[in-house]
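Working notes, beginning with the structure itself.
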Amino acid sequence: MKHTFAVTAEDAGLRLDQVIPKHVPAISRRKARAVIDAGGVFVDRARVKVASRPVRPGQTIEVNLGSEARVDPPKPTIVFTDEHVIVVDKPAGLVTAPTPESDRGDLLDQLTNQLGEVYLVHRIDLPTSGLLVFARTRDANKQLGDAFVAHDIDREYRAVALGEVTAQTIDRSIGDRRAVTHVEPLEALRDATLLRVRLETGRTHQIRIHLAGIGHPVAGDTQHGGERARLFVPKAPRLALHAAVLGFTHPATGERVRYESAIPAELAAWIARLR
């Protein structure tokens, strides 16, 4: 939840952790310090993590509540690493990179703390699990970024969508940008279909939006219509979407590499109950 306010003349000289409780309802000074420490406070659009910083009249302060409550974020699995790239299997519930709420505990932050300088190449959604690649050098970052722009990355997902889904290519723009998703049914389930989904482009929430758009949202998707719990006994334990395959040309060796990740146990057990 975001709160934004302007510093008044009466606030001049107050510490950041003093002025926030004055303007944000039901927040204590202690909680204000926790939000600041988590990276959830911006002063004139710049993240500030010093609770004692004095404020000036006219400054705009943005307070993002939420991530300060997360003490122990989920841990990723490093599938492969060398001097150039890192391939990671991200658990559901772990954000890929810093957000307005926090700049710590996310996947990028965890990798940086463990391995040093790391570059973000792409993201997958918070509730989605599966494979991502990060770069460890600027050159690798540029080459991988160029490969994503050229659609020269193999990305394949496993998804459970509501209803009976047929093989098809969905070519529908998202936010005025072309978006193409290739869908192939793997198995008919009870009131649902297990799918192999291949991304040709990579727009935010692309698979979720495209499947919802053809009337077959991803099970467990509270944002795009997949929470039709009445269709499911049992209900999906989380968003039923997993980044299962990731392939790319290694930026240093030129070798084409491919990594695979099995559907996580909690989703696999739920799918078994739908058979």
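Labeling convention for the structure tokens: chains A, B, ... as they appear, residues from 1 per chain, ligands from 1 in order of appearance.
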
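Every protein, DNA or RNA residue with an atom at most 7 Å from Val63 of chain A, where only C-alpha atoms count and chain neighbours fewer than 3 positions away do not, is listed here: Lys2, His3, Thr4, Gly40, Val41 and Phe42 of chain A.
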
Check the DSSP output for the backbone and give back, as an MDAnalysis selection string, the residues of segment 73-223 of chain A in strand (DSSP E).
-> chainID A and resid 77:81 85:90 119:120 129:135 154:162 168:171 180:189 192:199

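Atom CA of Thr166 of chain A lies 6.2 Å from atom CA of Pro185 of chain A.
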
Distance atom CA of Gly225 of chain A-atom CA of Gly163 of chain A, one decimal place?
-> 12.6 Å
